[in-house]
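**Student:** Questions regarding the structure given below will be posed in turn.
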Amino acid sequence: MTARSARRRAKKRIDWSGYVFISPWLVGFLLLTLWPIGQSFYLSFTDYSLLSEPVWVGLDNYARMFGSDPTFRKSLSVTFAFVLFSVPLKLLFSLLVAMLLSRNLRGMNAYRTAIYFPSLIGGSIAVAALWRNMFGKDGYVNHVLAWFGIEGTGWISNPDTALGTLILLNTWQFGSTMVIFLAGLKQIPQELYESASVDGANPVRKFFHITLPMLSPVMFFNLILGIIGSFQMFTASFVITPRGGPMQSTYVYAVFLYEKAFKHYQMGYASALAWILLVIVAVLTVLNFLASRYWVFYETDGGKSK
Amino acid sequence: MTIRPSRLLQHLFMIAFSLLMLYPVIWWLGASLKETAEMSLPTLWPSSPRWENYSEGWRFSSEFTFGHFFANTLLMEVANVAGGVLTAALVAFGFARLHFPLRGFWFSIMLLTLMLPGQVTIVPQYILYNNIGWVDSYVPLILPHFFGGGAFFIFLLVQFIRGLPRDLDDAAKIDGASVYGIFGRIILPLIKPALVTVAIFTFIWSWDDFFAQVLYLSSVEKFTVGLALRMFIDQFEIKWGQLLAMSLLSVIPSAVIFFFAQKHFVEGIATTGMKG
């Protein structure tokens, strides 16, 4: 009782101490996010090389992008292909692994470590180097395929397979997505499964009628962040297939933008590219939020039971 | 319960799956000791291990050893982890426990920044750092971690703090503790498991944050391990054995941290209630 009334009294007068606590984030947001967003919007209408003052060119950058830059179209389609395949693949694989690892089995911690660890380092340049070697023309993968009588190609140097190899590597980096699924699975109340068993539901029915709906908020979270992350894929393309890969088949948007800004010093054009990326990501996110009403299931009384 | 595969079968399956996932890492271990000619053979272990891959790789650059690059990276990591853990805890406490004008507004904005592609801010940020003269220093790599450590971690901690009973705060308040006292003496010790998660993720992600390192560091003297590896790849003729040996060394710090703290890893996230 006393505790509650103390809390109510504290609520009445305006307390600014909250701002002391959030000030690190607030300062960072204003300085390194909000101001740069405005600045890059302005720069996208200019010609700027870092050496001289920005020159206003109106919509020229955008006109150039859509009118006379085939590389823009190429890198956009490469990126869309990458997102389209890698996001669902990674979600599916992460979910399967999470369901496997959520079982009660002796020694599960050891299995979890063995399966989770390789994917955790998957984003590093070290693994990119490893991948580049394994998928080379004379690499390990082709030697294994040769056992089965399959003649492999140079997976990374062949324009038909280079992007697919990067998608595969991206799927192998399922770690953090999987952990979030695992956390979600652990929060599904066991009673639901038990009462379903009593009603005679088989595992498939349980999966579609309990697991999937209960997991849909987590799925949604992973989907949104997965799409945004995939649009920004950089290291793998940059290290495994330098300079956009064979016939620019892995010239993803982030690498294209990086080269425009920091190799050719076309800061204005790069800013316009960044804004187009922002618009694409924003539109897709909004569409996803609209669609989520039809498939994401939120509990009213958050099933916090353990 | 309905029909279940026997325990033994489940174990066999898990072992097979673990090996499948670990296989590239095991192959990597062997390959780092191979001659270039032997590299592509599917054999796991070289006929005669070539340990020189490690000693020669360590000194591949005429100016610096890999020890220098490791020291650079670890120094940066100490700052990143310290900054991230400390400021993320402060900010999360503010959002989770204190009432202040526009709290909901700022919290939504913070969640929105999770979805902002980094490319939108990178050019003006670079220009800013360039104007101050901080390009080719560690400041652009470290400074962002002192601004709350990133929206993802703040969100994680806010969820965690919201799960702690409020009675503790109220009791301390009655005993005359200020908000700063409540934060330092009550909340901070209680959120340790979540802070460990933040520390591990900060460490591994900034170790692998190749984009920022490529962008801001240009003199070899300041190179991180990742950039040193890239220098290796850019050589005219790649010495694969040495490269794979050094690559393997480069993931050891993340591996060590992961194995020591792996129990916290899943549980730290599980208890934050990543829902909705």
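Residues in the structure tokens are numbered from 1 in each chain, the chains being A, B, ... in the order shown, and ligands are numbered from 1 in the order shown.
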Within 10 Å of range 113-125 of chain A, counting only C-alpha atoms, which residues qualify if same-chain residues fewer than 5 places away don't, as a short mmCIF file (atom, residue, chain, number, x, y, z; two decimals) with all heavy atoms, in the first residue's frame?
**Tutor:**
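Listing of part_0.cif after writing:
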```cif
data_model
loop_
_atom_site.label_atom_id
_atom_site.label_comp_id
_atom_site.auth_asym_id
_atom_site.auth_seq_id
_atom_site.Cartn_x
_atom_site.Cartn_y
_atom_site.Cartn_z
N VAL A 97 16.70 -25.47 -36.59
CA VAL A 97 17.77 -25.72 -35.63
C VAL A 97 17.30 -25.39 -34.22
O VAL A 97 17.56 -26.14 -33.27
CB VAL A 97 19.03 -24.90 -35.99
CG1 VAL A 97 20.10 -25.07 -34.94
CG2 VAL A 97 19.57 -25.34 -37.34
N ALA A 98 16.57 -24.29 -34.08
CA ALA A 98 16.09 -23.90 -32.76
C ALA A 98 15.17 -24.98 -32.18
O ALA A 98 15.24 -25.30 -31.00
CB ALA A 98 15.36 -22.56 -32.82
N LEU A 101 17.23 -27.80 -30.99
CA LEU A 101 18.02 -27.51 -29.79
C LEU A 101 17.15 -27.23 -28.57
O LEU A 101 17.65 -27.09 -27.47
CB LEU A 101 18.96 -26.33 -30.04
CG LEU A 101 20.06 -26.58 -31.06
CD1 LEU A 101 20.98 -25.38 -31.15
CD2 LEU A 101 20.86 -27.81 -30.70
N MET A 108 22.55 -31.52 -24.01
CA MET A 108 22.11 -30.57 -25.03
C MET A 108 23.01 -29.34 -25.09
O MET A 108 23.22 -28.77 -26.16
CB MET A 108 20.65 -30.16 -24.75
CG MET A 108 20.04 -29.35 -25.86
SD MET A 108 20.27 -30.09 -27.48
CE MET A 108 18.71 -30.90 -27.72
N LEU A 130 38.16 -18.37 -45.46
CA LEU A 130 38.00 -19.83 -45.49
C LEU A 130 37.06 -20.23 -46.61
O LEU A 130 37.33 -21.14 -47.40
CB LEU A 130 37.44 -20.29 -44.14
CG LEU A 130 37.08 -21.77 -44.01
CD1 LEU A 130 38.33 -22.61 -43.96
CD2 LEU A 130 36.23 -22.01 -42.78
N TRP A 131 35.95 -19.53 -46.69
CA TRP A 131 34.91 -19.81 -47.69
C TRP A 131 35.49 -19.66 -49.09
O TRP A 131 35.23 -20.46 -49.97
CB TRP A 131 33.77 -18.83 -47.46
CG TRP A 131 32.41 -19.39 -47.77
CD1 TRP A 131 31.65 -19.06 -48.84
CD2 TRP A 131 31.65 -20.32 -47.00
NE1 TRP A 131 30.45 -19.74 -48.78
CE2 TRP A 131 30.43 -20.52 -47.68
CE3 TRP A 131 31.89 -21.01 -45.81
CZ2 TRP A 131 29.45 -21.38 -47.20
CZ3 TRP A 131 30.92 -21.86 -45.35
CH2 TRP A 131 29.71 -22.05 -46.03
N LEU A 169 26.47 -19.04 -47.51
CA LEU A 169 27.27 -18.57 -46.37
C LEU A 169 26.40 -17.79 -45.40
O LEU A 169 26.49 -17.93 -44.19
CB LEU A 169 28.43 -17.69 -46.85
CG LEU A 169 29.25 -17.00 -45.76
CD1 LEU A 169 29.89 -18.00 -44.81
CD2 LEU A 169 30.34 -16.11 -46.35
N ASN A 170 25.50 -16.97 -45.95
CA ASN A 170 24.60 -16.18 -45.11
C ASN A 170 23.69 -17.08 -44.28
O ASN A 170 23.40 -16.80 -43.12
CB ASN A 170 23.79 -15.24 -46.00
CG ASN A 170 22.99 -14.26 -45.18
OD1 ASN A 170 23.57 -13.43 -44.49
ND2 ASN A 170 21.69 -14.38 -45.23
N THR A 171 23.26 -18.20 -44.89
CA THR A 171 22.40 -19.13 -44.16
C THR A 171 23.18 -19.81 -43.03
O THR A 171 22.65 -20.05 -41.95
CB THR A 171 21.83 -20.19 -45.11
OG1 THR A 171 21.25 -19.53 -46.22
CG2 THR A 171 20.78 -21.04 -44.43
N TRP A 172 24.43 -20.06 -43.30
CA TRP A 172 25.29 -20.69 -42.28
C TRP A 172 25.45 -19.78 -41.06
O TRP A 172 25.73 -20.24 -39.97
CB TRP A 172 26.66 -21.00 -42.91
CG TRP A 172 27.48 -21.96 -42.13
CD1 TRP A 172 27.10 -23.18 -41.66
CD2 TRP A 172 28.84 -21.79 -41.72
NE1 TRP A 172 28.14 -23.78 -40.99
CE2 TRP A 172 29.22 -22.95 -41.01
CE3 TRP A 172 29.78 -20.77 -41.89
CZ2 TRP A 172 30.50 -23.12 -40.48
CZ3 TRP A 172 31.05 -20.93 -41.36
CH2 TRP A 172 31.40 -22.11 -40.66
N GLN A 173 25.22 -18.48 -41.25
CA GLN A 173 25.31 -17.53 -40.13
C GLN A 173 23.96 -17.40 -39.43
O GLN A 173 23.49 -16.31 -39.17
CB GLN A 173 25.75 -16.15 -40.63
CG GLN A 173 27.13 -16.12 -41.23
CD GLN A 173 27.34 -14.87 -42.04
OE1 GLN A 173 26.73 -13.84 -41.79
NE2 GLN A 173 28.22 -14.94 -43.03
N PHE A 174 23.34 -18.53 -39.13
CA PHE A 174 21.99 -18.50 -38.58
C PHE A 174 21.97 -18.17 -37.09
O PHE A 174 20.92 -17.99 -36.51
CB PHE A 174 21.32 -19.85 -38.81
CG PHE A 174 22.05 -20.98 -38.14
CD1 PHE A 174 21.80 -21.28 -36.82
CD2 PHE A 174 23.01 -21.70 -38.82
CE1 PHE A 174 22.49 -22.29 -36.18
CE2 PHE A 174 23.71 -22.72 -38.19
CZ PHE A 174 23.44 -23.01 -36.87
N GLY A 175 23.16 -18.08 -36.46
CA GLY A 175 23.27 -18.03 -35.01
C GLY A 175 22.32 -17.12 -34.26
O GLY A 175 21.51 -17.59 -33.47
N SER A 176 22.39 -15.79 -34.49
CA SER A 176 21.60 -14.91 -33.64
C SER A 176 20.11 -15.05 -33.91
O SER A 176 19.30 -14.96 -32.99
CB SER A 176 22.06 -13.46 -33.79
OG SER A 176 22.49 -13.19 -35.08
N MET A 178 18.67 -17.81 -34.71
CA MET A 178 18.29 -19.06 -34.06
C MET A 178 18.12 -18.84 -32.56
O MET A 178 17.18 -19.37 -31.95
CB MET A 178 19.36 -20.11 -34.36
CG MET A 178 19.05 -21.50 -33.90
SD MET A 178 19.48 -21.80 -32.18
CE MET A 178 21.26 -21.77 -32.23
N VAL A 179 19.03 -18.07 -31.94
CA VAL A 179 18.95 -17.85 -30.49
C VAL A 179 17.65 -17.15 -30.13
O VAL A 179 17.01 -17.46 -29.13
CB VAL A 179 20.16 -17.03 -30.00
CG1 VAL A 179 19.96 -16.60 -28.56
CG2 VAL A 179 21.41 -17.87 -30.11
N MET A 233 24.17 -6.31 -46.66
CA MET A 233 25.26 -7.28 -46.70
C MET A 233 26.49 -6.68 -47.38
O MET A 233 26.39 -6.13 -48.46
CB MET A 233 24.79 -8.52 -47.47
CG MET A 233 25.68 -9.70 -47.33
SD MET A 233 27.01 -9.70 -48.52
CE MET A 233 26.26 -10.57 -49.86
N PHE A 234 27.64 -6.80 -46.72
CA PHE A 234 28.84 -6.15 -47.25
C PHE A 234 30.06 -7.07 -47.23
O PHE A 234 30.62 -7.37 -48.27
CB PHE A 234 29.12 -4.87 -46.44
CG PHE A 234 30.36 -4.14 -46.84
CD1 PHE A 234 30.36 -3.29 -47.93
CD2 PHE A 234 31.54 -4.32 -46.13
CE1 PHE A 234 31.51 -2.63 -48.32
CE2 PHE A 234 32.71 -3.65 -46.52
CZ PHE A 234 32.68 -2.80 -47.61
N THR A 235 30.46 -7.52 -46.04
CA THR A 235 31.75 -8.19 -45.89
C THR A 235 31.93 -9.37 -46.84
O THR A 235 32.96 -9.47 -47.52
CB THR A 235 31.94 -8.68 -44.44
OG1 THR A 235 31.72 -7.58 -43.57
CG2 THR A 235 33.33 -9.22 -44.22
N ALA A 236 30.93 -10.25 -46.91
CA ALA A 236 31.09 -11.45 -47.73
C ALA A 236 31.35 -11.09 -49.18
O ALA A 236 32.28 -11.60 -49.80
CB ALA A 236 29.85 -12.33 -47.62
N PHE A 238 32.44 -8.25 -50.39
CA PHE A 238 33.66 -7.45 -50.48
C PHE A 238 34.92 -8.30 -50.41
O PHE A 238 35.89 -8.04 -51.10
CB PHE A 238 33.64 -6.42 -49.34
CG PHE A 238 34.67 -5.33 -49.45
CD1 PHE A 238 34.56 -4.35 -50.42
CD2 PHE A 238 35.73 -5.28 -48.56
CE1 PHE A 238 35.48 -3.33 -50.50
CE2 PHE A 238 36.66 -4.26 -48.65
CZ PHE A 238 36.54 -3.28 -49.62
N VAL A 239 34.90 -9.33 -49.57
CA VAL A 239 36.10 -10.13 -49.35
C VAL A 239 36.14 -11.36 -50.26
O VAL A 239 37.18 -11.67 -50.84
CB VAL A 239 36.20 -10.57 -47.87
CG1 VAL A 239 37.39 -11.49 -47.66
CG2 VAL A 239 36.29 -9.36 -46.97
N ILE A 240 35.01 -12.06 -50.38
CA ILE A 240 35.03 -13.31 -51.14
C ILE A 240 35.05 -13.05 -52.64
O ILE A 240 35.74 -13.71 -53.40
CB ILE A 240 33.82 -14.19 -50.77
CG1 ILE A 240 33.85 -14.49 -49.26
CG2 ILE A 240 33.84 -15.49 -51.55
CD1 ILE A 240 32.70 -15.32 -48.79
N MET B 14 21.88 -35.91 -33.23
CA MET B 14 22.48 -34.66 -32.77
C MET B 14 23.98 -34.66 -33.01
O MET B 14 24.57 -33.64 -33.38
CB MET B 14 22.19 -34.44 -31.28
CG MET B 14 20.75 -34.13 -30.93
SD MET B 14 20.03 -32.79 -31.89
CE MET B 14 20.94 -31.40 -31.24
N ILE B 15 24.62 -35.81 -32.78
CA ILE B 15 26.07 -35.89 -32.99
C ILE B 15 26.39 -35.68 -34.47
O ILE B 15 27.28 -34.93 -34.84
CB ILE B 15 26.62 -37.24 -32.48
CG1 ILE B 15 26.57 -37.27 -30.95
CG2 ILE B 15 28.05 -37.45 -32.96
CD1 ILE B 15 26.82 -38.63 -30.34
N PHE B 17 24.62 -34.12 -36.69
CA PHE B 17 24.35 -32.73 -37.08
C PHE B 17 25.44 -31.80 -36.55
O PHE B 17 25.89 -30.90 -37.26
CB PHE B 17 22.97 -32.31 -36.55
CG PHE B 17 22.51 -31.00 -37.10
CD1 PHE B 17 22.34 -30.82 -38.46
CD2 PHE B 17 22.25 -29.94 -36.25
CE1 PHE B 17 21.92 -29.61 -38.96
CE2 PHE B 17 21.83 -28.71 -36.75
CZ PHE B 17 21.66 -28.56 -38.11
N SER B 18 25.89 -32.03 -35.32
CA SER B 18 26.97 -31.21 -34.76
C SER B 18 28.22 -31.32 -35.62
O SER B 18 28.88 -30.32 -35.92
CB SER B 18 27.31 -31.66 -33.34
OG SER B 18 26.19 -31.59 -32.51
N LEU B 19 28.53 -32.57 -36.01
CA LEU B 19 29.74 -32.77 -36.83
C LEU B 19 29.61 -32.06 -38.17
O LEU B 19 30.56 -31.47 -38.66
CB LEU B 19 29.99 -34.26 -37.04
CG LEU B 19 30.62 -34.97 -35.83
CD1 LEU B 19 30.81 -36.46 -36.13
CD2 LEU B 19 31.96 -34.33 -35.48
N LEU B 20 28.40 -32.12 -38.73
CA LEU B 20 28.18 -31.47 -40.01
C LEU B 20 28.46 -29.97 -39.90
O LEU B 20 29.12 -29.37 -40.76
CB LEU B 20 26.75 -31.70 -40.47
CG LEU B 20 26.39 -31.13 -41.83
CD1 LEU B 20 27.02 -31.95 -42.94
CD2 LEU B 20 24.88 -31.06 -42.01
N MET B 21 27.97 -29.34 -38.83
CA MET B 21 28.17 -27.91 -38.66
C MET B 21 29.62 -27.59 -38.33
O MET B 21 30.14 -26.55 -38.69
CB MET B 21 27.25 -27.36 -37.55
CG MET B 21 25.77 -27.47 -37.83
SD MET B 21 25.27 -26.95 -39.48
CE MET B 21 25.54 -25.19 -39.37
N LEU B 22 30.26 -28.50 -37.58
CA LEU B 22 31.64 -28.24 -37.17
C LEU B 22 32.64 -28.59 -38.25
O LEU B 22 33.80 -28.19 -38.18
CB LEU B 22 31.97 -29.06 -35.92
CG LEU B 22 31.51 -28.49 -34.58
CD1 LEU B 22 31.85 -29.46 -33.46
CD2 LEU B 22 32.19 -27.15 -34.31
N TYR B 23 32.19 -29.34 -39.26
CA TYR B 23 33.13 -29.88 -40.24
C TYR B 23 34.03 -28.81 -40.88
O TYR B 23 35.25 -29.00 -40.92
CB TYR B 23 32.39 -30.67 -41.32
CG TYR B 23 33.30 -31.63 -42.02
CD1 TYR B 23 33.59 -32.86 -41.45
CD2 TYR B 23 33.93 -31.28 -43.21
CE1 TYR B 23 34.46 -33.74 -42.06
CE2 TYR B 23 34.80 -32.15 -43.83
CZ TYR B 23 35.06 -33.37 -43.25
OH TYR B 23 35.94 -34.23 -43.84
N PRO B 24 33.47 -27.70 -41.37
CA PRO B 24 34.35 -26.69 -41.96
C PRO B 24 35.41 -26.21 -40.98
O PRO B 24 36.55 -25.94 -41.37
CB PRO B 24 33.39 -25.55 -42.31
CG PRO B 24 32.06 -26.18 -42.45
CD PRO B 24 32.06 -27.31 -41.47
N VAL B 25 35.05 -26.12 -39.69
CA VAL B 25 36.01 -25.64 -38.70
C VAL B 25 37.13 -26.67 -38.51
O VAL B 25 38.31 -26.32 -38.41
CB VAL B 25 35.31 -25.34 -37.36
CG1 VAL B 25 36.31 -24.86 -36.33
CG2 VAL B 25 34.21 -24.30 -37.56
N PHE B 201 28.22 -9.92 -26.99
CA PHE B 201 27.80 -9.52 -28.34
C PHE B 201 28.59 -8.31 -28.82
O PHE B 201 29.00 -8.24 -29.98
CB PHE B 201 26.30 -9.19 -28.36
CG PHE B 201 25.44 -10.37 -28.68
CD1 PHE B 201 24.47 -10.80 -27.80
CD2 PHE B 201 25.60 -11.05 -29.87
CE1 PHE B 201 23.67 -11.89 -28.09
CE2 PHE B 201 24.80 -12.14 -30.18
CZ PHE B 201 23.84 -12.56 -29.28
N ILE B 204 32.08 -9.57 -29.92
CA ILE B 204 32.13 -10.33 -31.17
C ILE B 204 31.72 -9.46 -32.35
O ILE B 204 32.35 -9.50 -33.41
CB ILE B 204 31.24 -11.58 -31.06
CG1 ILE B 204 31.84 -12.51 -30.01
CG2 ILE B 204 31.14 -12.29 -32.40
CD1 ILE B 204 31.02 -13.74 -29.72
N TRP B 205 30.68 -8.65 -32.16
CA TRP B 205 30.25 -7.83 -33.29
C TRP B 205 31.26 -6.76 -33.65
O TRP B 205 31.45 -6.47 -34.83
CB TRP B 205 28.87 -7.22 -33.00
CG TRP B 205 27.78 -8.22 -33.11
CD1 TRP B 205 27.90 -9.50 -33.59
CD2 TRP B 205 26.41 -8.06 -32.73
NE1 TRP B 205 26.68 -10.14 -33.52
CE2 TRP B 205 25.75 -9.29 -33.00
CE3 TRP B 205 25.67 -7.00 -32.19
CZ2 TRP B 205 24.40 -9.48 -32.75
CZ3 TRP B 205 24.32 -7.20 -31.94
CH2 TRP B 205 23.70 -8.41 -32.21
N TRP B 207 34.46 -6.97 -33.17
CA TRP B 207 35.59 -7.69 -33.76
C TRP B 207 35.33 -7.90 -35.26
O TRP B 207 36.22 -7.78 -36.09
CB TRP B 207 35.76 -9.04 -33.07
CG TRP B 207 37.06 -9.73 -33.39
CD1 TRP B 207 37.32 -10.48 -34.48
CD2 TRP B 207 38.26 -9.70 -32.61
NE1 TRP B 207 38.61 -10.95 -34.45
CE2 TRP B 207 39.21 -10.49 -33.30
CE3 TRP B 207 38.62 -9.11 -31.40
CZ2 TRP B 207 40.51 -10.68 -32.82
CZ3 TRP B 207 39.91 -9.32 -30.93
CH2 TRP B 207 40.84 -10.09 -31.63
N ASP B 208 34.08 -8.20 -35.59
CA ASP B 208 33.72 -8.50 -36.97
C ASP B 208 33.19 -7.30 -37.75
O ASP B 208 32.76 -7.44 -38.89
CB ASP B 208 32.63 -9.59 -37.01
CG ASP B 208 33.18 -10.94 -36.58
OD1 ASP B 208 34.40 -11.09 -36.57
OD2 ASP B 208 32.38 -11.83 -36.26
N ASP B 209 33.16 -6.13 -37.12
CA ASP B 209 32.60 -4.98 -37.83
C ASP B 209 33.61 -4.48 -38.86
O ASP B 209 34.27 -3.45 -38.70
CB ASP B 209 32.26 -3.86 -36.84
CG ASP B 209 31.61 -2.68 -37.55
OD1 ASP B 209 31.24 -2.84 -38.74
OD2 ASP B 209 31.49 -1.62 -36.93
N PHE B 210 33.69 -5.23 -39.93
CA PHE B 210 34.72 -5.01 -40.92
C PHE B 210 34.51 -3.69 -41.66
O PHE B 210 35.46 -2.96 -41.96
CB PHE B 210 34.69 -6.19 -41.88
CG PHE B 210 35.79 -6.19 -42.87
CD1 PHE B 210 37.10 -6.28 -42.45
CD2 PHE B 210 35.51 -6.10 -44.22
CE1 PHE B 210 38.13 -6.28 -43.37
CE2 PHE B 210 36.53 -6.10 -45.14
CZ PHE B 210 37.84 -6.19 -44.71
N VAL B 225 43.05 -6.85 -36.58
CA VAL B 225 43.32 -8.20 -37.09
C VAL B 225 42.59 -8.41 -38.42
O VAL B 225 43.15 -8.94 -39.38
CB VAL B 225 42.89 -9.26 -36.07
CG1 VAL B 225 43.04 -10.65 -36.66
CG2 VAL B 225 43.74 -9.14 -34.82
N GLY B 226 41.33 -7.97 -38.48
CA GLY B 226 40.54 -8.13 -39.70
C GLY B 226 41.20 -7.45 -40.89
O GLY B 226 41.28 -8.02 -41.98
N LEU B 227 41.68 -6.23 -40.69
CA LEU B 227 42.31 -5.51 -41.79
C LEU B 227 43.63 -6.15 -42.18
O LEU B 227 43.99 -6.18 -43.36
CB LEU B 227 42.53 -4.05 -41.39
CG LEU B 227 41.26 -3.22 -41.25
CD1 LEU B 227 41.58 -1.82 -40.76
CD2 LEU B 227 40.51 -3.15 -42.57
N LEU B 229 44.24 -9.30 -42.06
CA LEU B 229 43.87 -10.47 -42.86
C LEU B 229 43.54 -10.06 -44.29
O LEU B 229 43.88 -10.74 -45.25
CB LEU B 229 42.67 -11.19 -42.24
CG LEU B 229 42.93 -11.99 -40.98
CD1 LEU B 229 41.64 -12.58 -40.46
CD2 LEU B 229 43.94 -13.09 -41.25
N ARG B 230 42.88 -8.92 -44.41
CA ARG B 230 42.52 -8.47 -45.74
C ARG B 230 43.77 -8.12 -46.54
O ARG B 230 43.87 -8.38 -47.74
CB ARG B 230 41.59 -7.28 -45.66
CG ARG B 230 41.11 -6.93 -47.03
CD ARG B 230 40.22 -5.75 -47.04
NE ARG B 230 40.14 -5.24 -48.39
CZ ARG B 230 40.34 -3.98 -48.69
NH1 ARG B 230 40.65 -3.11 -47.75
NH2 ARG B 230 40.23 -3.58 -49.93
N SER B 247 43.88 -16.63 -39.90
CA SER B 247 42.42 -16.48 -39.77
C SER B 247 41.93 -17.26 -38.57
O SER B 247 41.10 -16.79 -37.79
CB SER B 247 41.71 -17.02 -41.01
OG SER B 247 42.13 -16.36 -42.15
N SER B 250 42.61 -15.60 -35.48
CA SER B 250 41.81 -14.39 -35.30
C SER B 250 40.44 -14.66 -34.69
O SER B 250 39.82 -13.75 -34.16
CB SER B 250 41.64 -13.65 -36.63
OG SER B 250 40.60 -14.24 -37.38
N VAL B 251 39.96 -15.90 -34.77
CA VAL B 251 38.65 -16.16 -34.17
C VAL B 251 38.79 -16.70 -32.74
O VAL B 251 37.80 -16.92 -32.06
CB VAL B 251 37.78 -17.14 -35.00
CG1 VAL B 251 37.50 -16.54 -36.36
CG2 VAL B 251 38.41 -18.49 -35.12
N ILE B 252 40.04 -16.91 -32.30
CA ILE B 252 40.22 -17.49 -30.96
C ILE B 252 39.67 -16.59 -29.85
O ILE B 252 38.97 -17.08 -28.96
CB ILE B 252 41.71 -17.87 -30.73
CG1 ILE B 252 41.99 -19.14 -31.54
CG2 ILE B 252 41.99 -18.10 -29.26
CD1 ILE B 252 43.39 -19.66 -31.42
N SER B 254 37.15 -14.52 -29.79
CA SER B 254 35.69 -14.68 -29.76
C SER B 254 35.31 -16.06 -29.25
O SER B 254 34.37 -16.21 -28.47
CB SER B 254 35.09 -14.48 -31.15
OG SER B 254 35.36 -13.18 -31.61
N ALA B 255 36.08 -17.07 -29.68
CA ALA B 255 35.78 -18.44 -29.27
C ALA B 255 35.94 -18.59 -27.76
O ALA B 255 35.08 -19.15 -27.08
CB ALA B 255 36.71 -19.41 -30.00
N PHE B 258 33.19 -16.89 -25.95
CA PHE B 258 31.95 -17.64 -26.14
C PHE B 258 31.87 -18.86 -25.23
O PHE B 258 30.87 -19.11 -24.58
CB PHE B 258 31.83 -18.06 -27.60
CG PHE B 258 30.67 -18.97 -27.88
CD1 PHE B 258 29.39 -18.45 -27.98
CD2 PHE B 258 30.85 -20.33 -28.03
CE1 PHE B 258 28.31 -19.28 -28.23
CE2 PHE B 258 29.77 -21.16 -28.27
CZ PHE B 258 28.51 -20.63 -28.38
N PHE B 259 32.98 -19.61 -25.16
CA PHE B 259 32.93 -20.84 -24.36
C PHE B 259 32.83 -20.55 -22.87
O PHE B 259 32.17 -21.26 -22.14
CB PHE B 259 34.14 -21.73 -24.67
CG PHE B 259 34.01 -22.40 -26.00
CD1 PHE B 259 34.87 -22.11 -27.04
CD2 PHE B 259 32.98 -23.31 -26.22
CE1 PHE B 259 34.73 -22.72 -28.27
CE2 PHE B 259 32.83 -23.93 -27.45
CZ PHE B 259 33.70 -23.62 -28.47
N GLN B 262 29.06 -19.17 -22.44
CA GLN B 262 28.00 -19.67 -23.31
C GLN B 262 26.70 -19.98 -22.57
O GLN B 262 25.63 -19.93 -23.13
CB GLN B 262 28.49 -20.85 -24.14
CG GLN B 262 28.37 -22.19 -23.49
CD GLN B 262 27.32 -23.01 -24.17
OE1 GLN B 262 26.64 -22.52 -25.05
NE2 GLN B 262 27.19 -24.24 -23.75
N LYS B 263 26.81 -20.27 -21.27
CA LYS B 263 25.60 -20.54 -20.50
C LYS B 263 24.72 -19.30 -20.42
O LYS B 263 23.51 -19.37 -20.54
CB LYS B 263 25.98 -20.99 -19.09
CG LYS B 263 25.60 -22.42 -18.80
CD LYS B 263 25.93 -22.79 -17.39
CE LYS B 263 24.84 -22.31 -16.46
NZ LYS B 263 23.95 -23.35 -16.00
#
```
**Student:** Mind running range 207-287 of chain A against range 127-131 of chain B at 12 Å and telling me each contacting residue's nearest atom pair with the distance in Å (one decimal), counting only C-alpha atoms, chain and number ascending, as JSON lines?
**Tutor:**
```
{"residue": "A:Ala261", "atom": "CA", "partner": "B:Ile127", "partner_atom": "CA", "distance": 10.8}
{"residue": "A:Phe262", "atom": "CA", "partner": "B:Ile127", "partner_atom": "CA", "distance": 10.8}
{"residue": "A:Tyr265", "atom": "CA", "partner": "B:Ile127", "partner_atom": "CA", "distance": 11.1}
{"residue": "A:Met267", "atom": "CA", "partner": "B:Ile127", "partner_atom": "CA", "distance": 9.2}
{"residue": "A:Gly268", "atom": "CA", "partner": "B:Ile127", "partner_atom": "CA", "distance": 11.7}
{"residue": "A:Ser271", "atom": "CA", "partner": "B:Ile127", "partner_atom": "CA", "distance": 11.8}
```
**Student:** Select, as a list in words, those residues of chain B with any atom no more than 6 Å from chain A (distances computed using only C-alpha atoms).
**Tutor:**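 Using only C-alpha atoms, chain B residues at most 6 Å from chain A: Ser18, Met21, Ser40, Pro42, Leu90, Val91, Gly94, Leu98, Phe100, Gln119, Val120, Thr121, Pro124, Phe147, Gly148, Asp170, Asp208, Ser247, Ala270 and Gly276 of chain B.
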**Student:** Could you tell me, as number ranges by chain, which residues of range 151-278 of chain A DSSP assigns to alpha helix (DSSP H) when given the backbone?
**Tutor:** A: 162-172, 175-186, 190-198, 203-206, 212-231, 235-240, 253-262, 267-278
**Student:** Excluding Thr65 in chain B and its own-chain neighbours fewer than 2 positions away, which residues fall within 12 Å of it when counting only C-alpha atoms? Please give them as number ranges by chain.
**Tutor:** B: 54-63, 67-72, 220-221, 223-225, 228-229, 246
**Student:** Which polymer residues have any atom within 9 Å of an atom of Ile182 in chain B, counting only C-alpha atoms, with same-chain residues fewer than 6 positions away left out, as a PyMOL selection string?
**Tutor:** chain B and resi 168-169+172-173+188
**Student:** Do a neighbour search on range 27-36 of chain B at 8 Å with only C-alpha atoms, toss out local chain neighbours closer than 2 positions, and write the hits as a PyMOL selection string.
**Tutor:** (chain A and resi 130) or (chain B and resi 23-25+38-39+44-46+48-51+53-54+239-245+248)
**Student:** From the set A:Val57, A:Leu76, A:Leu30, A:Ala81, which residue has the shortest atom-to-atom contact distance to Ile280 in chain A, counting only C-alpha atoms?
**Tutor:**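 Of all the options, A:Leu76 lies closest to Ile280 in chain A.
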